[in-house]
Structures are given as C-alpha cells and as structure tokens.
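K.L.:
Have a peek at data.pdb (PDB, C-alpha atoms).
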ATOM      1  CA  GLN M 246      -1.627  33.582 -64.381
ATOM      2  CA  SER M 247      -3.915  33.677 -61.355
ATOM      3  CA  VAL M 248      -7.008  35.842 -61.054
ATOM      4  CA  LEU M 249      -5.793  36.691 -57.548
ATOM      5  CA  THR M 250      -2.720  38.903 -57.744
ATOM      6  CA  GLN M 251       0.046  38.593 -55.179
ATOM      7  CA  PRO M 252       3.512  40.161 -55.300
ATOM      8  CA  PRO M 253       5.988  37.526 -56.506
ATOM      9  CA  SER M 254       8.347  38.236 -53.636
ATOM     10  CA  VAL M 255       8.772  40.240 -50.460
ATOM     11  CA  SER M 256      11.680  40.472 -48.060
ATOM     12  CA  ALA M 257      12.498  41.878 -44.668
ATOM     13  CA  ALA M 258      15.000  41.454 -41.883
ATOM     14  CA  PRO M 259      14.484  39.241 -38.831
ATOM     15  CA  GLY M 260      12.297  40.929 -36.256
ATOM     16  CA  GLN M 261      10.702  43.215 -38.810
ATOM     17  CA  LYS M 262       7.146  43.244 -40.164
ATOM     18  CA  VAL M 263       6.013  42.326 -43.656
ATOM     19  CA  THR M 264       2.691  42.436 -45.444
ATOM     20  CA  ILE M 265       1.572  40.365 -48.429
ATOM     21  CA  SER M 266      -1.305  41.598 -50.539
ATOM     22  CA  CYS M 267      -3.861  39.631 -52.504
ATOM     23  CA  ALA M 268      -5.894  41.570 -55.048
ATOM     24  CA  GLY M 269      -9.069  40.222 -56.597
ATOM     25  CA  ASP M 270     -12.397  41.640 -57.717
ATOM     26  CA  ASN M 271     -16.094  41.626 -56.890
ATOM     27  CA  SER M 272     -16.581  38.128 -58.281
ATOM     28  CA  ASN M 273     -14.171  36.580 -55.785
ATOM     29  CA  ILE M 274     -12.629  38.389 -52.789
ATOM     30  CA  GLY M 275     -15.317  41.067 -52.853
ATOM     31  CA  LYS M 276     -18.009  38.518 -52.007
ATOM     32  CA  ASN M 277     -16.176  35.744 -50.163
ATOM     33  CA  TYR M 278     -13.924  34.912 -47.247
ATOM     34  CA  VAL M 279     -10.175  34.624 -47.760
ATOM     35  CA  SER M 280      -7.772  32.108 -46.250
ATOM     36  CA  TRP M 281      -3.959  32.185 -46.218
ATOM     37  CA  TYR M 282      -1.375  29.380 -46.358
ATOM     38  CA  GLN M 283       2.319  28.977 -45.734
ATOM     39  CA  HIS M 284       4.021  26.473 -48.021
ATOM     40  CA  LEU M 285       7.446  24.991 -48.171
ATOM     41  CA  PRO M 286       7.768  23.025 -51.434
ATOM     42  CA  GLY M 287       7.643  19.296 -50.787
ATOM     43  CA  THR M 288       5.613  19.713 -47.632
ATOM     44  CA  ALA M 289       1.918  20.124 -47.005
ATOM     45  CA  PRO M 290       0.611  23.714 -47.062
ATOM     46  CA  LYS M 291      -0.205  25.089 -43.614
ATOM     47  CA  LEU M 292      -3.347  27.064 -42.863
ATOM     48  CA  LEU M 293      -2.505  30.408 -41.241
ATOM     49  CA  ILE M 294      -5.699  32.441 -41.553
ATOM     50  CA  TYR M 295      -9.309  31.594 -42.386
ATOM     51  CA  GLU M 296     -12.482  33.674 -42.738
ATOM     52  CA  ASN M 297     -10.306  36.727 -43.475
ATOM     53  CA  TYR M 298      -8.706  37.143 -40.046
ATOM     54  CA  LYS M 299      -9.207  34.083 -37.829
ATOM     55  CA  ARG M 300      -6.230  31.966 -36.769
ATOM     56  CA  PRO M 301      -6.416  28.191 -36.280
ATOM     57  CA  SER M 302      -5.244  26.811 -32.990
ATOM     58  CA  GLY M 303      -1.465  26.827 -32.778
ATOM     59  CA  ILE M 304      -0.864  29.702 -35.186
ATOM     60  CA  PRO M 305       0.917  32.513 -33.330
ATOM     61  CA  ASP M 306      -0.559  35.992 -33.257
ATOM     62  CA  ARG M 307       2.449  37.221 -35.249
ATOM     63  CA  PHE M 308       0.294  36.229 -38.215
ATOM     64  CA  SER M 309      -2.738  38.386 -38.987
ATOM     65  CA  GLY M 310      -5.202  38.754 -41.804
ATOM     66  CA  SER M 311      -7.511  41.462 -43.020
ATOM     67  CA  LYS M 312      -9.778  42.147 -45.943
ATOM     68  CA  SER M 313     -11.089  45.363 -47.422
ATOM     69  CA  GLY M 314     -13.267  45.444 -50.519
ATOM     70  CA  THR M 315     -11.630  43.303 -53.168
ATOM     71  CA  SER M 316      -8.233  42.912 -51.496
ATOM     72  CA  ALA M 317      -6.835  40.980 -48.578
ATOM     73  CA  ILE M 318      -3.612  41.317 -46.635
ATOM     74  CA  LEU M 319      -1.513  38.880 -44.629
ATOM     75  CA  GLY M 320       0.706  40.479 -42.014
ATOM     76  CA  ILE M 321       3.637  38.860 -40.282
ATOM     77  CA  THR M 322       5.389  40.598 -37.406
ATOM     78  CA  GLY M 323       8.552  39.669 -35.567
ATOM     79  CA  LEU M 324       9.910  37.879 -38.624
ATOM     80  CA  GLN M 325      11.853  34.704 -37.978
ATOM     81  CA  THR M 326      14.104  32.784 -40.328
ATOM     82  CA  GLU M 327      11.653  29.865 -40.246
ATOM     83  CA  ASP M 328       8.996  32.149 -41.773
ATOM     84  CA  GLU M 329      10.883  31.986 -45.061
ATOM     85  CA  ALA M 330       8.416  30.196 -47.347
ATOM     86  CA  ASP M 331       5.823  30.713 -50.067
ATOM     87  CA  TYR M 332       2.506  32.258 -49.059
ATOM     88  CA  TYR M 333      -0.832  31.874 -50.848
ATOM     89  CA  CYS M 334      -4.222  33.497 -50.546
ATOM     90  CA  VAL M 335      -7.339  31.494 -51.449
ATOM     91  CA  THR M 336     -10.975  32.384 -51.955
ATOM     92  CA  TRP M 337     -14.086  31.268 -53.822
ATOM     93  CA  ASP M 338     -15.176  32.735 -57.108
ATOM     94  CA  HIS M 339     -18.610  33.072 -58.688
ATOM     95  CA  THR M 340     -18.216  29.803 -60.623
ATOM     96  CA  LEU M 341     -18.063  27.836 -57.342
ATOM     97  CA  SER M 342     -14.374  27.262 -57.924
ATOM     98  CA  ALA M 343     -11.627  27.897 -55.428
ATOM     99  CA  LEU M 344      -8.944  30.335 -56.506
ATOM    100  CA  PHE M 345      -5.353  30.300 -55.329
ATOM    101  CA  GLY M 346      -3.246  33.420 -55.630
ATOM    102  CA  GLY M 347      -0.041  33.151 -57.600
ATOM    103  CA  GLY M 348       2.000  32.912 -54.419
ATOM    104  CA  THR M 349       4.536  35.188 -52.741
ATOM    105  CA  LYS M 350       8.018  34.113 -51.795
ATOM    106  CA  LEU M 351       9.066  35.568 -48.463
ATOM    107  CA  THR M 352      12.774  36.001 -47.885
ATOM    108  CA  VAL M 353      13.995  36.767 -44.386
ATOM    109  CA  LEU M 354      17.253  38.608 -44.957
TER
ATOM    110  CA  GLN I 494      -6.532  14.411 -35.539
ATOM    111  CA  VAL I 495      -7.429  14.052 -39.202
ATOM    112  CA  HIS I 496      -4.882  12.289 -41.393
ATOM    113  CA  LEU I 497      -4.954  12.122 -45.181
ATOM    114  CA  GLN I 498      -2.741   9.929 -47.334
ATOM    115  CA  GLU I 499      -2.469  10.056 -51.112
ATOM    116  CA  SER I 500      -1.638   6.973 -53.140
ATOM    117  CA  GLY I 501      -1.333   6.080 -56.790
ATOM    118  CA  PRO I 502       1.120   5.609 -59.653
ATOM    119  CA  GLY I 503       4.036   8.009 -59.734
ATOM    120  CA  LEU I 504       4.396   7.720 -63.499
ATOM    121  CA  VAL I 505       1.664   8.079 -66.120
ATOM    122  CA  THR I 506       2.122   7.920 -69.885
ATOM    123  CA  PRO I 507       1.023  10.857 -72.056
ATOM    124  CA  SER I 508      -2.616  10.652 -73.171
ATOM    125  CA  GLY I 509      -3.254   8.221 -70.333
ATOM    126  CA  THR I 510      -5.334   8.616 -67.168
ATOM    127  CA  LEU I 511      -4.017   9.777 -63.823
ATOM    128  CA  SER I 512      -5.759   8.114 -60.896
ATOM    129  CA  LEU I 513      -5.079   8.928 -57.248
ATOM    130  CA  SER I 514      -6.776   8.008 -54.013
ATOM    131  CA  CYS I 515      -6.811   9.774 -50.673
ATOM    132  CA  VAL I 516      -7.454   7.642 -47.610
ATOM    133  CA  VAL I 517      -8.872   9.572 -44.673
ATOM    134  CA  SER I 518      -8.471   8.621 -41.019
ATOM    135  CA  GLY I 519      -9.676  10.482 -37.956
ATOM    136  CA  ALA I 520     -12.775  11.743 -39.756
ATOM    137  CA  SER I 521     -15.555  10.340 -41.871
ATOM    138  CA  ILE I 522     -15.983  11.499 -45.441
ATOM    139  CA  ARG I 523     -19.711  11.143 -44.715
ATOM    140  CA  SER I 524     -19.346  14.202 -42.458
ATOM    141  CA  ALA I 525     -20.272  17.659 -43.707
ATOM    142  CA  ASN I 526     -16.999  18.632 -45.307
ATOM    143  CA  TRP I 527     -15.475  19.412 -48.677
ATOM    144  CA  TRP I 528     -12.789  16.951 -49.763
ATOM    145  CA  THR I 529     -10.379  18.593 -52.150
ATOM    146  CA  TRP I 530      -7.531  17.997 -54.591
ATOM    147  CA  VAL I 531      -4.794  20.595 -55.152
ATOM    148  CA  ARG I 532      -1.628  20.312 -57.227
ATOM    149  CA  GLN I 533       1.681  22.091 -57.676
ATOM    150  CA  PRO I 534       3.569  21.734 -60.966
ATOM    151  CA  PRO I 535       7.359  21.993 -60.678
ATOM    152  CA  GLY I 536       8.432  25.588 -60.184
ATOM    153  CA  LYS I 537       4.853  26.875 -60.158
ATOM    154  CA  GLY I 538       2.199  27.785 -57.615
ATOM    155  CA  LEU I 539      -0.610  25.810 -56.055
ATOM    156  CA  GLU I 540      -3.618  25.053 -58.268
ATOM    157  CA  TRP I 541      -7.061  23.972 -57.104
ATOM    158  CA  ILE I 542      -8.301  20.945 -59.031
ATOM    159  CA  GLY I 543     -11.692  20.303 -57.519
ATOM    160  CA  GLU I 544     -13.672  19.058 -54.547
ATOM    161  CA  ILE I 545     -16.446  16.745 -53.505
ATOM    162  CA  TYR I 546     -18.949  17.340 -50.741
ATOM    163  CA  HIS I 547     -20.174  14.593 -48.433
ATOM    164  CA  SER I 548     -23.473  14.623 -50.346
ATOM    165  CA  GLY I 549     -21.663  13.756 -53.565
ATOM    166  CA  ILE I 550     -21.813  17.192 -55.149
ATOM    167  CA  ALA I 551     -18.547  17.962 -56.956
ATOM    168  CA  ASN I 552     -17.043  21.201 -58.256
ATOM    169  CA  TYR I 553     -14.113  21.419 -60.643
ATOM    170  CA  ASN I 554     -11.563  23.924 -61.891
ATOM    171  CA  PRO I 555     -13.062  25.214 -65.159
ATOM    172  CA  SER I 556      -9.706  24.786 -66.890
ATOM    173  CA  LEU I 557      -9.724  21.048 -66.082
ATOM    174  CA  LYS I 558     -13.449  20.348 -66.022
ATOM    175  CA  SER I 559     -13.560  18.376 -69.266
ATOM    176  CA  ARG I 560     -10.874  15.968 -68.031
ATOM    177  CA  VAL I 561     -11.358  15.635 -64.280
ATOM    178  CA  SER I 562     -13.659  13.745 -61.987
ATOM    179  CA  ILE I 563     -13.638  13.305 -58.216
ATOM    180  CA  SER I 564     -15.524  10.528 -56.501
ATOM    181  CA  ALA I 565     -16.017   9.284 -52.960
ATOM    182  CA  ASP I 566     -15.857   5.731 -51.615
ATOM    183  CA  LYS I 567     -17.680   5.993 -48.323
ATOM    184  CA  SER I 568     -17.258   2.332 -47.445
ATOM    185  CA  ASN I 569     -13.474   2.723 -47.477
ATOM    186  CA  ASN I 570     -13.452   6.324 -46.234
ATOM    187  CA  GLN I 571     -11.515   7.607 -49.199
ATOM    188  CA  PHE I 572     -11.975   9.860 -52.182
ATOM    189  CA  SER I 573     -10.349   9.729 -55.577
ATOM    190  CA  LEU I 574      -9.140  11.869 -58.446
ATOM    191  CA  ARG I 575      -9.258  10.887 -62.086
ATOM    192  CA  LEU I 576      -7.650  13.063 -64.756
ATOM    193  CA  THR I 577      -7.812  11.914 -68.361
ATOM    194  CA  SER I 578      -5.780  12.734 -71.461
ATOM    195  CA  VAL I 579      -2.785  13.826 -69.417
ATOM    196  CA  THR I 580       0.196  15.702 -70.833
ATOM    197  CA  ALA I 581       3.521  16.794 -69.408
ATOM    198  CA  ALA I 582       1.734  19.883 -68.079
ATOM    199  CA  ASP I 583      -0.069  17.638 -65.609
ATOM    200  CA  THR I 584       3.215  16.654 -63.956
ATOM    201  CA  ALA I 585       2.886  17.919 -60.403
ATOM    202  CA  VAL I 586       2.800  17.132 -56.728
ATOM    203  CA  TYR I 587      -0.818  16.267 -55.977
ATOM    204  CA  TYR I 588      -2.286  16.975 -52.537
ATOM    205  CA  CYS I 589      -5.576  15.960 -51.008
ATOM    206  CA  SER I 590      -7.140  18.118 -48.332
ATOM    207  CA  ARG I 591     -10.210  18.747 -46.244
ATOM    208  CA  GLY I 592     -11.934  22.090 -46.021
ATOM    209  CA  SER I 593     -12.897  25.081 -48.112
ATOM    210  CA  PRO I 594     -11.496  28.524 -48.989
ATOM    211  CA  SER I 595     -13.719  30.032 -46.299
ATOM    212  CA  SER I 596     -13.202  27.682 -43.366
ATOM    213  CA  GLY I 597      -9.690  26.910 -44.547
ATOM    214  CA  TYR I 598      -7.921  23.776 -45.701
ATOM    215  CA  LEU I 599      -6.721  22.622 -42.296
ATOM    216  CA  SER I 600      -5.810  19.020 -43.004
ATOM    217  CA  TRP I 601      -3.579  17.923 -45.871
ATOM    218  CA  GLY I 602      -1.898  14.819 -47.192
ATOM    219  CA  GLN I 603       1.859  14.933 -47.566
ATOM    220  CA  GLY I 604       1.555  15.076 -51.357
ATOM    221  CA  THR I 605       2.516  12.656 -54.092
ATOM    222  CA  LEU I 606       4.553  13.398 -57.187
ATOM    223  CA  VAL I 607       3.023  12.287 -60.459
ATOM    224  CA  THR I 608       5.182  12.509 -63.561
ATOM    225  CA  VAL I 609       3.697  12.306 -67.040
ATOM    226  CA  SER I 610       6.283  10.827 -69.334
ATOM    227  CA  SER I 611       6.758   8.028 -71.824
TER
END
So, in terms of structure tokens, how does the structure I just supplied come out?

P.N.:
Amino acid sequence: QSVLTQPPSVSAAPGQKVTISCAGDNSNIGKNYVSWYQHLPGTAPKLLIYENYKRPSGIPDRFSGSKSGTSAILGITGLQTEDEADYYCVTWDHTLSALFGGGTKLTVL
Amino acid sequence: QVHLQESGPGLVTPSGTLSLSCVVSGASIRSANWWTWVRQPPGKGLEWIGEIYHSGIANYNPSLKSRVSISADKSNNQFSLRLTSVTAADTAVYYCSRGSPSSGYLSWGQGTLVTVSS
C-alpha cells in the first residue's frame, strides 16, 4: 500500500474532463515537487507533468497538474480513447526515497 | 535523444541474485543526473527501487535497502542493479530511467521481465 493515495479508478466519456488526485502528507508532497506519468502495462511510463504543473515538450495542454498543500491533482480535458491507461503520481519523501502513488486506472467510456 | 536499454537474465532462481544492466546512449552517466531503477510486479503498480547520482551517491527504497545495490560503470556508460536473496515477490518488469521525482523521469528503457522461479 503506497504512502501516496490515488483513487484506484476513474472514468469519463470521450470529450469530457477527469481529475486524478494524489494525497500525501508534509513529509512528501507537502515539501516536494510532484510529477505525473501515464503508463500502459508492457510499455515505458510517459512523463506528463513535472515540478507540479510543467509539461515536457510534446505533451498537449489537455494535461495539467496542480498542487495544494499535501495533495496534487492531474487534470485531463477533452478525453480521448487513447488516454485510457494507468496514471501515477511521484514525489520525494523525507528519507530521500522516491514515492510512487498506487496508480489510477482511467477508463474512457 | 537519450536511449536506455535494460539487459540481463529473464529467469532467476529463488534465493539467488538478480543482476540487470542499463546501457545509456545519447547522454553520459557522468552528467549531473539521477539514474534510476523502477519495477512493476504483475498486476501491481510501479515501485521505485533506487537511484545513483553521477557522483556515485546512491539512494534506495527502504523496503529493499538490505538487498539492493546500484552501481555505475562510467567507462561503458551503463549502470547496474543487483538484488540479492530474491523471492517470487521480486518477479516484475524492471525499468531503468533517467531523472528524479522533481524534474521528472523523462527517459526510460522499454523494460525487461524478470521471473523468480525454480
């Protein structure tokens, strides 16, 4: 069970918006940046968001990130069928370890 | 463009040692970066194993710390993972990556499945 809590699953229809939360505490998210990844099992994870809200080159602005206190949120607008994947939040913790959230499975209905 | 490629045995016997290498091209592991190992057991989420900095400093997942070591071979531009006393719970797809939780893990290997079984 991860220290970072994500909902196991979320779903929405194509074209709609969805948010995925990542809850931590003051020893991890509260003091550190958060990054977000999209992962299809059997493939390499893909960086979507780093330093809480920044997007790497090539990531569309349909993907957004935010952080407030000890929680972070990934938002995806204009859902597409190819967005169906697992999503993970990641941050540091006070032991100089990286923490992955438990993952959220996004279903595009 | 940075390319990472994992290699190593796909089958390890219980109580044995898992050893994987990650060859890096398009970047030097002497550069100021964290070089990281992540795994995904079947049906489970991603798990951070540990990382090594270009200076040689390494950090490990506390739950694996007694069994894991990560080293760098600068002459061959690769870094390696060693996990001892493996059990079936160590069966996973193992990924190598470059980056950190803050700056993001931008570059990844394609992953390699390691099965622990007799």

K.L.:
In terms of the shortest atom-to-atom distance over all atoms listed in the file, which of I:Asp583, I:Ser573, I:Trp541, I:Leu599 is closest to Thr336 (chain M)?

P.N.:
I:Trp541

K.L.:
Neighbours of Leu351 (chain M) within 8 Å (all atoms listed in the file; same-chain residues fewer than 4 positions away dropped), as a ChimeraX atom specification?

P.N.:
/M:254-256,328-332

K.L.:
Name the residues that the PyMOL selection byres ((chain I) within 6 of (chain M)) pulls out of this structure, and write them as a PyMOL selection string.

P.N.:
chain I and resi 538+554+594-597+599+603

K.L.:
Applying the PyMOL selection byres ((chain M and resi 354) around 6) to the file I just gave you, which residues come out? Please list them as a list in words.

P.N.:
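On the file shown, the PyMOL selection byres ((chain M and resi 354) around 6) covers Ala257, Ala258, Thr352 and Val353 of chain M.
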
K.L.:
Using all atoms listed in the file, what residues lie at most 12 Å away from (-8.2, 17.4, -45.3) (file coordinates), given as a ChimeraX atom specification?

P.N.:
/M:289-292 /I:494-499,515-522,524,526-531,544-545,571-572,588-593,596-604

K.L.:
As a VMD selection string, please: the residues near Leu513 (chain I) (cut-off 6 Å, only C-alpha atoms, same-chain neighbours under 2 positions excluded).

P.N.:
chain I and resid 500 to 501 573 to 574

K.L.:
Nearest residue to Thr315 (chain M) out of M:Gly269, M:Pro252, M:Gly303, M:Gly260, using all atoms listed in the file?

P.N.:
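Of the candidates, the smallest distance to Thr315 (chain M) is held by M:Gly269.
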
K.L.:
Could you list the residues chosen by the PyMOL selection byres ((chain I and resi 503) around 8) in this structure as number ranges by chain?

P.N.:
I: 501-502, 504-505, 605-608

K.L.:
Could you name the residues that touch Thr510 (chain I) at 10 Å or less, counting all atoms listed in the file, but leaving out those on the same chain fewer than 6 positions away, as a list in words?

P.N.:
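The contact residues come out as Arg560, Val561, Arg575, Leu576, Thr577, Ser578, Val579, Thr580 and Val609 of chain I.
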
K.L.:
CA of Tyr587 (chain I) to CA of His547 (chain I): how many Å, to one decimal?

P.N.:
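CA of Tyr587 (chain I) sits 20.8 Å away from CA of His547 (chain I).
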
K.L.:
Supply region 326-337 of chain M as an mmCIF file, in the frame of the given file, with all heavy atoms built in where the input has gaps.

P.N.:
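Final output, saved to rebuild13.cif:
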data_model
loop_
_atom_site.group_PDB
_atom_site.id
_atom_site.type_symbol
_atom_site.label_atom_id
_atom_site.label_comp_id
_atom_site.auth_asym_id
_atom_site.auth_seq_id
_atom_site.Cartn_x
_atom_site.Cartn_y
_atom_site.Cartn_z
ATOM 1 N N THR M 326 13.544 33.441 -39.148
ATOM 2 C CA THR M 326 14.104 32.784 -40.328
ATOM 3 C C THR M 326 13.207 31.635 -40.801
ATOM 4 O O THR M 326 13.113 31.372 -41.997
ATOM 5 C CB THR M 326 15.520 32.256 -40.045
ATOM 6 O OG1 THR M 326 15.491 31.430 -38.884
ATOM 7 C CG2 THR M 326 16.488 33.417 -39.789
ATOM 8 N N GLU M 327 12.524 30.986 -39.857
ATOM 9 C CA GLU M 327 11.653 29.865 -40.246
ATOM 10 C C GLU M 327 10.383 30.318 -40.950
ATOM 11 O O GLU M 327 9.615 29.493 -41.437
ATOM 12 C CB GLU M 327 11.295 28.994 -39.043
ATOM 13 C CG GLU M 327 10.690 29.740 -37.887
ATOM 14 C CD GLU M 327 11.717 30.063 -36.814
ATOM 15 O OE1 GLU M 327 12.874 30.421 -37.171
ATOM 16 O OE2 GLU M 327 11.367 29.963 -35.624
ATOM 17 N N ASP M 328 10.143 31.633 -41.024
ATOM 18 C CA ASP M 328 8.996 32.149 -41.773
ATOM 19 C C ASP M 328 9.282 32.177 -43.269
ATOM 20 O O ASP M 328 8.372 32.413 -44.072
ATOM 21 C CB ASP M 328 8.629 33.564 -41.308
ATOM 22 C CG ASP M 328 8.180 33.625 -39.871
ATOM 23 O OD1 ASP M 328 7.642 32.598 -39.364
ATOM 24 O OD2 ASP M 328 8.360 34.669 -39.232
ATOM 25 N N GLU M 329 10.526 31.963 -43.644
ATOM 26 C CA GLU M 329 10.883 31.986 -45.061
ATOM 27 C C GLU M 329 10.176 30.836 -45.777
ATOM 28 O O GLU M 329 10.429 29.663 -45.513
ATOM 29 C CB GLU M 329 12.399 31.883 -45.215
ATOM 30 C CG GLU M 329 12.890 32.231 -46.602
ATOM 31 C CD GLU M 329 14.375 32.583 -46.624
ATOM 32 O OE1 GLU M 329 14.743 33.697 -46.206
ATOM 33 O OE2 GLU M 329 15.156 31.733 -47.097
ATOM 34 N N ALA M 330 9.267 31.178 -46.677
ATOM 35 C CA ALA M 330 8.416 30.196 -47.347
ATOM 36 C C ALA M 330 7.624 30.903 -48.441
ATOM 37 O O ALA M 330 7.773 32.106 -48.651
ATOM 38 C CB ALA M 330 7.457 29.548 -46.345
ATOM 39 N N ASP M 331 6.777 30.148 -49.108
ATOM 40 C CA ASP M 331 5.823 30.713 -50.067
ATOM 41 C C ASP M 331 4.478 30.882 -49.372
ATOM 42 O O ASP M 331 4.080 30.036 -48.566
ATOM 43 C CB ASP M 331 5.654 29.794 -51.277
ATOM 44 C CG ASP M 331 6.954 29.611 -52.035
ATOM 45 O OD1 ASP M 331 7.713 30.582 -52.163
ATOM 46 O OD2 ASP M 331 7.199 28.477 -52.504
ATOM 47 N N TYR M 332 3.787 31.966 -49.682
ATOM 48 C CA TYR M 332 2.506 32.258 -49.059
ATOM 49 C C TYR M 332 1.434 32.435 -50.127
ATOM 50 O O TYR M 332 1.665 33.072 -51.154
ATOM 51 C CB TYR M 332 2.610 33.519 -48.189
ATOM 52 C CG TYR M 332 3.476 33.299 -46.976
ATOM 53 C CD1 TYR M 332 4.858 33.395 -47.052
ATOM 54 C CD2 TYR M 332 2.915 32.950 -45.747
ATOM 55 C CE1 TYR M 332 5.668 33.150 -45.956
ATOM 56 C CE2 TYR M 332 3.703 32.709 -44.638
ATOM 57 C CZ TYR M 332 5.075 32.808 -44.755
ATOM 58 O OH TYR M 332 5.872 32.555 -43.652
ATOM 59 N N TYR M 333 0.264 31.845 -49.872
ATOM 60 C CA TYR M 333 -0.832 31.874 -50.848
ATOM 61 C C TYR M 333 -2.127 32.351 -50.203
ATOM 62 O O TYR M 333 -2.454 31.945 -49.084
ATOM 63 C CB TYR M 333 -1.092 30.471 -51.409
ATOM 64 C CG TYR M 333 0.030 29.916 -52.250
ATOM 65 C CD1 TYR M 333 1.092 29.234 -51.665
ATOM 66 C CD2 TYR M 333 0.031 30.077 -53.633
ATOM 67 C CE1 TYR M 333 2.130 28.713 -52.434
ATOM 68 C CE2 TYR M 333 1.064 29.564 -54.414
ATOM 69 C CZ TYR M 333 2.099 28.889 -53.802
ATOM 70 O OH TYR M 333 3.116 28.379 -54.574
ATOM 71 N N CYS M 334 -2.862 33.157 -50.933
ATOM 72 C CA CYS M 334 -4.222 33.497 -50.546
ATOM 73 C C CYS M 334 -5.165 32.607 -51.357
ATOM 74 O O CYS M 334 -4.830 32.148 -52.453
ATOM 75 C CB CYS M 334 -4.535 34.965 -50.789
ATOM 76 S SG CYS M 334 -4.332 35.522 -52.502
ATOM 77 N N VAL M 335 -6.348 32.355 -50.799
ATOM 78 C CA VAL M 335 -7.339 31.494 -51.449
ATOM 79 C C VAL M 335 -8.730 32.050 -51.168
ATOM 80 O O VAL M 335 -9.012 32.499 -50.052
ATOM 81 C CB VAL M 335 -7.271 30.040 -50.928
ATOM 82 C CG1 VAL M 335 -8.254 29.149 -51.686
ATOM 83 C CG2 VAL M 335 -5.857 29.487 -51.042
ATOM 84 N N THR M 336 -9.598 31.999 -52.160
ATOM 85 C CA THR M 336 -10.975 32.384 -51.955
ATOM 86 C C THR M 336 -11.861 31.646 -52.957
ATOM 87 O O THR M 336 -11.354 30.916 -53.817
ATOM 88 C CB THR M 336 -11.159 33.912 -52.110
ATOM 89 O OG1 THR M 336 -12.462 34.284 -51.651
ATOM 90 C CG2 THR M 336 -11.007 34.339 -53.574
ATOM 91 N N TRP M 337 -13.161 31.805 -52.823
ATOM 92 C CA TRP M 337 -14.086 31.268 -53.822
ATOM 93 C C TRP M 337 -14.237 32.281 -54.956
ATOM 94 O O TRP M 337 -13.992 33.466 -54.774
ATOM 95 C CB TRP M 337 -15.483 31.084 -53.222
ATOM 96 C CG TRP M 337 -15.669 30.021 -52.220
ATOM 97 C CD1 TRP M 337 -15.915 30.194 -50.891
ATOM 98 C CD2 TRP M 337 -15.679 28.612 -52.431
ATOM 99 N NE1 TRP M 337 -16.071 28.996 -50.258
ATOM 100 C CE2 TRP M 337 -15.942 27.994 -51.183
ATOM 101 C CE3 TRP M 337 -15.506 27.798 -53.557
ATOM 102 C CZ2 TRP M 337 -16.022 26.610 -51.032
ATOM 103 C CZ3 TRP M 337 -15.590 26.426 -53.407
ATOM 104 C CH2 TRP M 337 -15.843 25.853 -52.151
#
